[in-house]
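Below is structure.txt, holding compact mmCIF, C-alpha atoms and all ligand atoms.
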```
# COMPACT_ATOMS: atom_id res chain seq x y z
CA MET A 1 78.12 80.25 39.62
CA THR A 2 80.17 83.44 40.09
CA GLY A 3 83.54 81.70 39.58
CA SER A 4 83.17 81.17 35.84
CA GLN A 5 80.20 83.40 35.04
CA GLN A 6 80.56 86.73 33.28
CA PRO A 7 78.96 89.75 34.96
CA PHE A 8 75.62 90.74 33.43
CA PRO A 9 73.68 94.02 33.77
CA LEU A 10 71.60 94.27 36.93
CA LYS A 11 69.52 97.30 37.88
CA PRO A 12 69.78 98.08 41.59
CA ASN A 13 66.92 96.52 43.53
CA VAL A 14 66.85 97.71 47.09
CA GLY A 15 64.72 95.41 49.18
CA ALA A 16 62.02 94.50 46.65
CA GLN A 17 61.32 90.98 45.43
CA LEU A 18 64.13 89.70 43.17
CA SER A 19 63.66 87.13 40.47
CA PRO A 20 66.01 84.14 40.81
CA HIS A 21 68.36 85.28 38.01
CA GLN A 22 68.93 88.58 39.86
CA ILE A 23 70.19 86.76 42.94
CA VAL A 24 73.93 86.27 42.68
CA GLY A 25 76.45 84.26 44.64
CA ARG A 26 75.67 81.99 47.59
CA ASP A 27 76.78 78.89 45.64
CA GLY A 28 78.79 77.55 48.60
CA THR A 29 75.88 77.99 51.02
CA ILE A 30 73.46 76.36 48.59
CA LEU A 31 75.72 73.34 48.12
CA GLN A 32 76.21 73.08 51.87
CA ALA A 33 72.45 73.30 52.50
CA ARG A 34 71.75 70.63 49.92
CA GLN A 35 74.32 68.27 51.35
CA LEU A 36 73.08 68.73 54.91
CA LEU A 37 69.48 68.11 53.84
CA LEU A 38 70.44 64.98 51.92
CA ASP A 39 72.39 63.79 54.95
CA GLY A 40 69.18 63.96 56.99
CA HIS A 41 69.54 67.31 58.76
CA ASN A 42 66.91 69.98 59.22
CA LEU A 43 68.22 73.53 59.11
CA VAL A 44 67.76 76.90 60.73
CA ILE A 45 68.98 80.17 59.22
CA ASN A 46 69.03 82.83 61.82
CA ASP A 47 70.97 85.78 60.39
CA PRO A 48 69.96 89.39 60.97
CA ARG A 49 67.65 91.23 58.64
CA ARG A 50 68.69 92.14 55.13
CA LEU A 51 71.53 89.63 54.97
CA GLY A 52 69.85 87.82 52.09
CA LYS A 53 68.15 84.84 53.73
CA SER A 54 65.01 84.94 51.57
CA CYS A 55 67.08 85.49 48.41
CA MET A 56 69.25 82.49 49.18
CA LEU A 57 66.16 80.33 49.75
CA GLU A 58 64.62 81.61 46.52
CA ARG A 59 67.69 80.42 44.62
CA LEU A 60 67.67 77.09 46.39
CA ALA A 61 63.96 76.63 45.60
CA ASN A 62 64.63 77.52 41.99
CA GLU A 63 67.66 75.23 41.56
CA PRO A 64 67.27 72.50 44.17
CA GLY A 65 69.25 69.85 42.25
CA ASP A 66 68.30 66.23 41.70
CA GLY A 67 66.05 64.33 44.07
CA MET A 68 64.79 67.35 45.95
CA VAL A 69 61.85 69.74 45.72
CA VAL A 70 62.09 72.91 47.80
CA LEU A 71 58.89 74.83 48.52
CA LEU A 72 59.40 78.31 49.95
CA ARG A 73 56.73 80.32 51.74
CA SER A 74 56.67 83.17 54.22
CA TYR A 75 54.80 82.56 57.47
CA GLN A 76 55.12 86.19 58.55
CA ASP A 77 51.35 86.79 58.71
CA VAL A 78 50.43 83.52 60.40
CA ARG A 79 48.74 84.27 63.73
CA THR A 80 47.21 81.02 64.96
CA SER A 81 48.00 77.33 64.69
CA THR A 82 44.94 76.83 62.48
CA HIS A 83 46.25 79.52 60.17
CA LEU A 84 49.61 77.73 60.17
CA ILE A 85 47.92 74.59 58.81
CA HIS A 86 46.27 76.66 56.08
CA GLN A 87 49.59 78.19 55.15
CA LEU A 88 51.22 74.77 55.00
CA LEU A 89 48.51 73.59 52.61
CA ARG A 90 49.09 76.65 50.39
CA GLN A 91 52.78 75.81 50.43
CA LEU A 92 52.15 72.19 49.43
CA LYS A 93 49.97 73.45 46.60
CA GLN A 94 53.08 75.13 45.15
CA HIS A 95 54.33 71.60 44.34
CA GLN A 96 53.83 70.86 40.67
CA GLY A 97 52.59 67.38 41.46
CA PHE A 98 50.21 68.44 44.26
CA LYS A 99 47.03 67.26 42.60
CA LYS A 100 48.36 63.84 41.70
CA ARG A 101 50.57 63.27 44.71
CA PHE A 102 49.00 64.92 47.74
CA ALA A 103 45.40 66.02 47.13
CA GLY A 104 44.00 62.52 47.67
CA ALA A 105 46.10 61.91 50.77
CA LEU A 106 44.80 65.14 52.33
CA SER A 107 41.17 64.73 51.33
CA SER A 108 40.05 63.41 54.71
CA LEU A 109 41.43 66.54 56.45
CA PHE A 110 40.29 69.44 54.25
CA ASP A 111 37.12 70.30 52.44
CA LYS A 112 37.12 69.66 48.71
CA ALA A 113 37.36 73.28 47.56
CA SER A 114 40.47 73.85 49.69
CA LEU A 115 42.39 71.24 47.73
CA ARG A 116 41.80 72.83 44.35
CA VAL A 117 45.01 74.07 42.80
CA GLY A 118 45.52 77.41 41.09
CA TYR A 119 43.62 79.75 43.39
CA ASP A 120 46.14 80.66 46.01
CA ASP A 121 43.71 82.88 47.87
CA VAL A 122 40.90 80.33 47.97
CA THR A 123 39.54 80.12 51.50
CA ILE A 124 40.89 77.02 53.14
CA SER A 125 38.87 75.12 55.68
CA LEU A 126 39.10 71.83 57.47
CA ALA A 127 36.62 69.07 56.66
CA ALA A 128 33.54 69.25 58.89
CA ASN A 129 34.55 66.20 60.95
CA GLN A 130 38.00 67.69 61.66
CA GLN A 131 36.96 71.05 62.99
CA HIS A 132 36.63 69.99 66.62
CA ARG A 133 40.17 68.57 66.69
CA ARG A 134 43.23 70.27 68.10
CA PRO A 135 44.98 72.02 65.19
CA VAL A 136 48.32 70.45 66.16
CA ASP A 137 46.81 66.97 65.79
CA VAL A 138 45.63 67.86 62.31
CA LEU A 139 49.09 69.25 61.56
CA HIS A 140 50.72 66.01 62.59
CA GLU A 141 48.33 63.95 60.50
CA MET A 142 48.81 66.25 57.54
CA LEU A 143 52.58 65.75 57.62
CA GLU A 144 52.11 62.03 58.02
CA ALA A 145 49.87 61.91 54.93
CA VAL A 146 52.43 63.88 52.90
CA ASP A 147 55.29 61.72 54.13
CA ASN A 148 53.41 58.55 53.18
CA ALA A 149 52.62 59.95 49.75
CA LEU A 150 56.34 60.56 49.18
CA GLU A 151 57.41 57.07 50.27
CA GLY A 152 59.38 55.24 47.61
CA GLU A 153 59.34 58.21 45.20
CA GLY A 154 63.04 59.00 45.69
CA GLU A 155 62.27 62.67 46.22
CA LEU A 156 62.89 64.71 49.33
CA LEU A 157 60.36 67.41 50.04
CA VAL A 158 61.99 70.45 51.66
CA LEU A 159 59.63 72.88 53.36
CA ALA A 160 61.39 76.23 53.61
CA ILE A 161 59.46 78.24 56.16
CA ASP A 162 60.49 81.89 55.97
CA GLU A 163 59.85 84.24 58.90
CA ILE A 164 58.99 81.41 61.28
CA THR A 165 60.05 83.48 64.28
CA GLU A 166 57.50 86.18 63.46
CA CYS A 167 54.86 83.47 63.18
CA ILE A 168 55.87 82.02 66.56
CA ASN A 169 55.86 85.45 68.09
CA ASN A 170 52.40 86.21 66.62
CA ILE A 171 50.92 82.98 67.99
CA ALA A 172 52.50 83.65 71.39
CA ASN A 173 50.86 87.09 71.48
CA GLY A 174 47.47 85.74 70.37
CA GLU A 175 44.68 83.97 72.20
CA GLY A 176 46.48 80.64 72.58
CA GLY A 177 49.53 82.39 73.99
CA ALA A 178 52.74 80.77 75.14
CA ASP A 179 51.02 77.44 75.68
CA GLU A 180 49.81 77.13 72.09
CA VAL A 181 53.24 78.02 70.73
CA ALA A 182 54.85 75.33 72.85
CA THR A 183 52.51 72.70 71.39
CA VAL A 184 53.11 73.89 67.83
CA LEU A 185 56.89 73.79 68.28
CA GLN A 186 56.73 70.35 69.89
CA THR A 187 54.53 69.01 67.08
CA MET A 188 56.90 70.38 64.46
CA GLN A 189 59.83 68.78 66.26
CA GLN A 190 57.99 65.47 66.51
CA GLY A 191 57.33 65.66 62.76
CA ARG A 192 61.02 66.26 62.06
CA LYS A 193 61.86 63.12 64.00
CA GLU A 194 59.19 60.93 62.48
CA PHE A 195 58.84 61.83 58.81
CA ARG A 196 61.92 60.88 56.82
CA ASN A 197 60.80 62.13 53.38
CA ILE A 198 60.29 65.70 54.58
CA ARG A 199 63.01 68.17 55.58
CA TRP A 200 62.67 71.64 57.03
CA ILE A 201 64.50 74.91 56.70
CA LEU A 202 63.33 77.41 59.29
CA THR A 203 64.30 81.01 58.80
CA GLY A 204 63.74 84.15 60.76
CA SER A 205 65.35 87.48 61.34
CA ILE A 206 64.42 87.70 65.00
CA GLY A 207 66.61 85.31 66.97
CA PHE A 208 64.75 82.01 67.32
CA HIS A 209 66.30 81.29 70.69
CA HIS A 210 65.31 84.70 71.84
CA VAL A 211 61.63 84.33 70.87
CA ILE A 212 61.44 80.94 72.55
CA ARG A 213 63.14 82.16 75.72
CA TYR A 214 60.92 85.21 76.22
CA GLY A 215 57.69 84.40 74.39
CA THR A 216 56.84 80.74 74.95
CA ASP A 217 56.17 78.15 77.58
CA THR A 218 58.90 75.84 76.44
CA THR A 219 62.67 75.58 76.28
CA GLU A 220 65.15 75.84 73.46
CA ALA A 221 65.29 72.03 73.36
CA VAL A 222 62.36 72.20 70.88
CA ILE A 223 64.76 73.49 68.24
CA GLY A 224 67.85 71.71 69.55
CA ASP A 225 67.75 69.19 66.68
CA LEU A 226 68.05 71.90 63.99
CA LYS A 227 71.42 72.49 62.41
CA ASN A 228 72.47 76.08 62.04
CA LEU A 229 73.24 77.09 58.47
CA PRO A 230 75.45 80.15 58.72
CA LEU A 231 74.75 82.59 55.92
CA GLY A 232 76.56 85.81 56.80
CA PRO A 233 77.33 88.56 54.32
CA LEU A 234 78.48 87.90 50.74
CA SER A 235 82.07 86.77 50.31
CA ARG A 236 84.48 89.33 48.83
CA GLU A 237 84.26 87.45 45.53
CA ASP A 238 80.44 87.39 45.44
CA ALA A 239 80.25 91.04 46.53
CA GLY A 240 82.70 91.96 43.73
CA PHE A 241 80.60 90.03 41.22
CA LEU A 242 77.42 91.78 42.37
CA THR A 243 79.18 95.15 42.11
CA HIS A 244 80.33 94.38 38.54
CA CYS A 245 76.77 93.40 37.56
CA LEU A 246 75.32 96.55 39.14
CA ALA A 247 77.99 98.67 37.43
CA LEU A 248 76.75 97.36 34.09
CA GLY A 249 73.15 97.93 35.19
CA ILE A 250 73.76 101.61 36.02
CA ASP A 251 76.12 102.10 33.11
CA ARG A 252 79.17 103.11 35.13
CA THR A 253 82.73 101.80 35.33
CA PHE A 254 84.07 101.03 38.78
CA SER A 255 87.80 101.32 39.47
CA GLY A 256 89.40 98.35 41.28
CA ALA A 257 89.59 100.47 44.44
CA ALA A 258 85.88 101.36 44.08
CA VAL A 259 84.95 97.66 43.89
CA ASP A 260 86.96 97.10 47.09
CA ALA A 261 85.28 100.10 48.72
CA MET A 262 81.83 98.66 47.93
CA PHE A 263 82.82 95.58 49.91
CA THR A 264 84.45 97.47 52.78
CA CYS A 265 81.66 100.02 53.19
CA SER A 266 78.90 97.40 53.07
CA ASP A 267 80.70 94.69 55.06
CA GLY A 268 79.45 92.46 52.23
CA ILE A 269 75.76 92.97 53.13
CA PRO A 270 74.06 92.64 49.73
CA PHE A 271 71.23 95.00 50.63
CA LEU A 272 73.78 97.76 51.24
CA ILE A 273 75.66 96.99 48.03
CA GLN A 274 72.37 97.43 46.16
CA ALA A 275 71.60 100.63 48.07
CA LEU A 276 75.04 102.09 47.32
CA ALA A 277 74.73 101.30 43.60
CA SER A 278 71.31 102.95 43.61
CA GLY A 279 72.74 106.03 45.39
CA ILE A 280 75.63 106.25 42.92
CA ARG A 281 73.24 105.98 39.96
CA ASP A 282 71.10 108.80 41.34
CA SER A 283 74.00 111.07 42.37
CA THR A 284 74.45 114.18 40.32
CA THR A 285 78.13 113.62 39.65
CA SER A 286 79.21 113.68 36.02
CA GLN A 287 82.03 111.18 36.67
CA THR A 288 81.53 108.05 34.62
CA THR A 289 84.27 106.15 36.43
CA VAL A 290 83.28 105.48 39.98
CA THR A 291 86.15 105.91 42.46
CA ALA A 292 86.55 104.64 46.02
CA LYS A 293 85.93 108.22 47.20
CA LEU A 294 82.60 108.36 45.44
CA VAL A 295 81.56 105.04 47.00
CA GLU A 296 82.50 106.32 50.46
CA ALA A 297 80.54 109.54 49.84
CA ALA A 298 77.49 107.50 48.74
CA PHE A 299 77.80 105.42 51.88
CA ALA A 300 78.02 108.45 54.17
CA THR A 301 74.93 109.93 52.49
CA TYR A 302 73.05 106.67 52.80
CA ILE A 303 73.54 106.10 56.49
CA SER A 304 72.94 109.68 57.50
CA ASP A 305 69.71 109.90 55.50
CA ARG A 306 66.98 108.76 57.87
CA ASP A 307 64.53 107.93 55.08
CA GLU A 308 67.00 106.05 52.93
CA SER A 309 68.35 103.91 55.72
CA ARG A 310 64.99 103.24 57.36
CA ALA A 311 65.42 99.56 56.48
CA PHE A 312 67.85 99.37 59.37
CA GLU A 313 65.62 101.15 61.86
CA HIS A 314 64.56 97.76 63.23
CA PHE A 315 67.95 97.32 64.86
CA VAL A 316 66.77 99.97 67.27
CA SER A 317 63.01 99.44 67.27
CA ARG A 318 62.89 95.69 67.67
CA LEU A 319 64.31 95.98 71.16
CA ASP A 320 61.01 97.65 72.09
CA THR A 321 59.10 94.67 70.79
CA TYR A 322 61.20 91.74 71.90
CA TYR A 323 63.07 92.85 75.01
CA PRO A 324 60.78 93.34 78.01
CA ASP A 325 61.96 96.00 80.45
CA PRO A 326 64.38 96.18 82.22
CA LEU A 327 66.11 94.02 79.59
CA ARG A 328 65.42 96.67 76.98
CA SER A 329 67.03 99.60 78.74
CA ARG A 330 70.02 97.47 79.69
CA ALA A 331 70.39 96.26 76.11
CA ILE A 332 70.32 99.82 74.78
CA LYS A 333 72.89 100.91 77.31
CA LEU A 334 75.23 98.07 76.36
CA LEU A 335 74.72 98.49 72.62
CA ASP A 336 75.30 102.24 72.84
CA HIS A 337 78.56 101.65 74.67
CA THR A 338 79.89 98.78 72.56
CA SER A 339 78.96 100.47 69.27
CA GLN A 340 81.48 103.19 70.09
CA GLN A 341 84.40 100.82 70.79
CA PRO A 342 86.15 98.31 68.55
CA SER A 343 85.78 95.87 71.46
CA THR A 344 84.87 95.97 75.15
CA PRO A 345 86.34 93.76 77.91
CA LEU A 346 83.75 91.54 79.60
CA THR A 347 84.78 92.97 82.97
CA LYS A 348 83.80 96.42 81.68
CA VAL A 349 80.44 95.04 80.47
CA TYR A 350 79.59 93.68 83.94
CA GLU A 351 80.74 96.91 85.55
CA LEU A 352 78.63 99.02 83.21
CA LEU A 353 75.50 96.95 83.78
CA ALA A 354 75.98 96.75 87.54
CA ALA A 355 76.12 100.57 87.65
CA GLY A 356 72.71 100.90 85.91
CA THR A 357 69.33 101.50 87.56
CA PRO A 358 68.01 99.04 88.56
CA SER A 359 71.38 97.43 89.12
CA CYS A 360 72.00 94.25 87.16
CA ASP A 361 73.64 91.26 88.82
CA LYS A 362 76.13 89.05 87.04
CA GLN A 363 73.56 86.37 86.08
CA ASP A 364 71.17 88.90 84.56
CA ALA A 365 74.08 90.39 82.65
CA VAL A 366 74.96 86.94 81.27
CA GLU A 367 71.32 86.43 80.16
CA LEU A 368 71.35 89.79 78.41
CA LEU A 369 74.63 89.03 76.66
CA LYS A 370 73.28 85.67 75.47
CA ALA A 371 70.17 87.34 74.04
CA LEU A 372 72.20 89.98 72.20
CA MET A 373 74.55 87.32 70.86
CA ASP A 374 71.69 85.07 69.70
CA ASP A 375 70.19 88.12 68.03
CA HIS A 376 73.47 88.70 66.19
CA TYR A 377 74.25 92.11 67.60
CA LEU A 378 77.29 91.03 69.57
CA VAL A 379 79.93 88.30 69.50
CA ARG A 380 82.45 87.18 72.05
CA ASP A 381 86.10 87.50 71.11
CA GLY A 382 88.20 85.89 73.87
CA SER A 383 87.57 88.00 76.96
CA ASP A 384 86.07 90.85 74.92
CA ILE A 385 82.69 91.62 73.40
CA ARG A 386 82.26 93.38 70.06
CA TRP A 387 79.62 94.00 67.42
CA ARG A 388 79.36 91.14 64.93
CA TYR A 389 79.17 93.50 61.96
CA PRO A 390 81.05 96.80 62.39
CA ILE A 391 78.81 98.36 59.74
CA LEU A 392 75.75 97.67 61.90
CA ALA A 393 77.49 99.29 64.89
CA ARG A 394 77.99 102.36 62.73
CA ILE A 395 74.33 102.37 61.68
CA TRP A 396 73.32 101.97 65.35
CA ARG A 397 75.41 105.02 66.29
CA GLU A 398 73.74 106.97 63.51
CA LYS A 399 70.23 105.93 64.58
CA GLN A 400 70.98 106.58 68.24
CA MET A 401 72.53 109.97 67.49
CA LEU A 402 75.82 108.90 69.01
CA PRO A 403 79.20 110.37 68.06
N1 LIG B 1 72.34 87.13 46.65
C1 LIG B 1 71.89 88.38 46.41
N2 LIG B 1 72.09 88.96 45.21
C2 LIG B 1 71.64 90.22 44.98
N3 LIG B 1 71.00 90.97 45.88
C3 LIG B 1 70.75 90.44 47.08
C4 LIG B 1 71.19 89.12 47.42
N4 LIG B 1 70.81 88.84 48.68
C5 LIG B 1 70.18 89.94 49.12
N5 LIG B 1 70.14 90.91 48.18
C6 LIG B 1 69.58 92.27 48.35
O1 LIG B 1 69.24 92.43 49.72
C7 LIG B 1 67.80 92.59 49.87
C8 LIG B 1 67.35 91.83 51.10
O2 LIG B 1 67.51 90.44 50.87
P1 LIG B 1 66.54 89.39 51.57
O3 LIG B 1 65.15 89.87 51.52
O4 LIG B 1 66.87 88.07 51.02
O5 LIG B 1 67.11 89.51 53.07
P2 LIG B 1 66.54 88.77 54.35
O6 LIG B 1 67.74 88.32 55.12
O7 LIG B 1 65.55 87.75 53.97
O8 LIG B 1 65.87 90.00 55.09
P3 LIG B 1 64.63 90.00 56.13
O9 LIG B 1 65.18 89.42 57.39
O10 LIG B 1 64.30 91.44 56.23
O11 LIG B 1 63.54 89.15 55.56
C9 LIG B 1 67.23 92.10 48.54
O12 LIG B 1 66.00 92.74 48.25
C10 LIG B 1 68.30 92.52 47.57
O13 LIG B 1 68.22 93.91 47.30
MG MG B 2 63.54 87.57 54.38
```
Could you write out this structure as structure tokens?
Ligand SMILES: Nc1ncnc2c1ncn2[C@@H]1O[C@H](COP(=O)(O)OP(=O)(O)OP(=O)(O)O)[C@@H](O)[C@H]1O
Ligand SMILES: [Mg+2]
Amino acid sequence: MTGSQQPFPLKPNVGAQLSPHQIVGRDGTILQARQLLLDGHNLVINDPRRLGKSCMLERLANEPGDGMVVLLRSYQDVRTSTHLIHQLLRQLKQHQGFKKRFAGALSSLFDKASLRVGYDDVTISLAANQQHRRPVDVLHEMLEAVDNALEGEGELLVLAIDEITECINNIANGEGGADEVATVLQTMQQGRKEFRNIRWILTGSIGFHHVIRYGTDTTEAVIGDLKNLPLGPLSREDAGFLTHCLALGIDRTFSGAAVDAMFTCSDGIPFLIQALASGIRDSTTSQTTVTAKLVEAAFATYISDRDESRAFEHFVSRLDTYYPDPLRSRAIKLLDHTSQQPSTPLTKVYELLAAGTPSCDKQDAVELLKALMDDHYLVRDGSDIRWRYPILARIWREKQMLP
């Protein structure tokens, strides 16, 4: 889209819901996702927060291309496996052909009112003769009914489940605990194997591997069949296009160097590009042409302003939630250290962790490194470790009051 398209005015939108036309770039990722789905793969998108996962899915759902319907729904608030079934039904009801195609096939599982379309908040309940059954059995049968209804229609149904890791984490912390989560994940995996007319895209900003390793009674094999769809930040070209659109939206002209600075300062993270444009719009300067210097000043203001940059607070706070002690204190120690270096030799990492209290042996250090890599904080570069996104290391230093 960006290659031939002319920039159009876009008002900065920092973190709120975007309509599909406001979501720019990602053409390559969308094509890749489509091809992988058509080839029979199920996908996982596991990038850190604010990288634009939901936006990319929104565009894919809006322009899925021939032979494919993509239904997108957030599972963030799902807390039990029964609730998960309800959410899946709501998601299926987003399909334009729900009434004709699926309502009949699902009528033995849900009560009649639940299958009515148009009232998203209608209370959903299972049919009376289903209520004693294990929710995962109902889930399996539900998917089977949908798959059968799609047979011979020449249409793939893609269920894009946003924030699945939060859902998994919620269920793990609820009554059913780790055991219930394991059954849900196994049932979902079984469904992926069995039902050929349905594909899945699972997305979450907490590392999936991490949640499974520390919160459930199962192993990472339950997601081993999913293909990773790397999203990453916007390319330089897409980031430039977004900057040009935002420049029109805030009625400013950006010099070539300023466009480059928007990319360099943000590391291509679209949320930051939006935040910088918003900061520049609100700055008191009378300059109409935005220079690289002005972009850098807006960036410095943004990351040092605790309220403005609160969206990134989770890089610090989520360790409290997802890393049980002593993992947490070790993680903080390692992240503090590595955020202040361009890269850190692995030997130094082991040394640093071994010197902590309680001391950390080599195997525990390897486990910690794996968790921080799966969670996208760190990457391995030969025999060194470094932050995946230098900009996030800088934000970490700011949040942790480090020099
Ligand atoms: N392709 C894009 N075009 C324009 N703006 C974007 C794009 N992608 C992301 N953004 C900006 O970044 C913000 C965050 O994007 P999004 O909600 O998709 O991220 P996310 O990875 O799903 O984050 P989270 O993990 O917190 O759910 C959006 O509200 C918007 O301001
Ligand atoms: Mg999201």
Fewer than 2 positions away in the same chain doesn't count, so skip those; otherwise give me all residues within 7 Å of Ile164 in chain A, counting all atoms listed in the file, as a list in words. Tyr75, Gln76, Ile161, Asp162, Glu166, Cys167, Ile168, Leu202, Thr203 and Gly204 of chain A
Would you pick out the contacts of range 208-217 of chain A at 8 Å or less, using all atoms listed in the file, so that residues sharing its chain but fewer than 2 positions from it are not included, and give the list as an MDAnalysis selection string? chainID A and resid 46 165 168:169 172:173 177:179 181:182 204 206 219:220 322 371 374:375
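Pocket residues of ligand LIG 1 (chain B), taken as those with any atom at most 6 Å away using all atoms listed in the file, are Asn13, Val14, Gly15, Ala16, Gln17, Ile23, Val24, Gly25, Pro48, Arg49, Arg50, Leu51, Gly52, Lys53, Ser54, Cys55, Ser205, Pro270, Phe271 and Gln274 of chain A.
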Store the residues picked out above, limited to C-alpha atoms, as an mmCIF file, in the coordinates of the input.
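Written output follows (selection00.cif):
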```
data_model
loop_
_atom_site.group_PDB
_atom_site.id
_atom_site.type_symbol
_atom_site.label_atom_id
_atom_site.label_comp_id
_atom_site.auth_asym_id
_atom_site.auth_seq_id
_atom_site.Cartn_x
_atom_site.Cartn_y
_atom_site.Cartn_z
ATOM 1 C CA ASN A 13 66.920 96.520 43.530
ATOM 2 C CA VAL A 14 66.850 97.710 47.090
ATOM 3 C CA GLY A 15 64.720 95.410 49.180
ATOM 4 C CA ALA A 16 62.020 94.500 46.650
ATOM 5 C CA GLN A 17 61.320 90.980 45.430
ATOM 6 C CA ILE A 23 70.190 86.760 42.940
ATOM 7 C CA VAL A 24 73.930 86.270 42.680
ATOM 8 C CA GLY A 25 76.450 84.260 44.640
ATOM 9 C CA PRO A 48 69.960 89.390 60.970
ATOM 10 C CA ARG A 49 67.650 91.230 58.640
ATOM 11 C CA ARG A 50 68.690 92.140 55.130
ATOM 12 C CA LEU A 51 71.530 89.630 54.970
ATOM 13 C CA GLY A 52 69.850 87.820 52.090
ATOM 14 C CA LYS A 53 68.150 84.840 53.730
ATOM 15 C CA SER A 54 65.010 84.940 51.570
ATOM 16 C CA CYS A 55 67.080 85.490 48.410
ATOM 17 C CA SER A 205 65.350 87.480 61.340
ATOM 18 C CA PRO A 270 74.060 92.640 49.730
ATOM 19 C CA PHE A 271 71.230 95.000 50.630
ATOM 20 C CA GLN A 274 72.370 97.430 46.160
#
```
So which one's closest to Leu248 in chain A, A:Gly232, A:Thr288, A:Lys112, A:Thr183? Using only C-alpha atoms, please. A:Thr288
Around the point (61.5, 64.6, 62.0) in the file's coordinates, collect all residues with an atom within 12 Å, using all atoms listed in the file, and return them as an NGL selection string. :A and (37 or 40-43 or 140 or 143-144 or 147 or 158 or 186-201 or 222-223 or 225-226)
If I take CA of His244 in chain A and CA of Ile303 in chain A, how far is one from the other in Å, to one decimal? 22.5 Å
Of the candidates A:Leu18, A:Lys11, A:Ser266, A:Gln5, which one gets nearest to ligand MG 2 (chain B) if we count all atoms listed in the file? A:Leu18
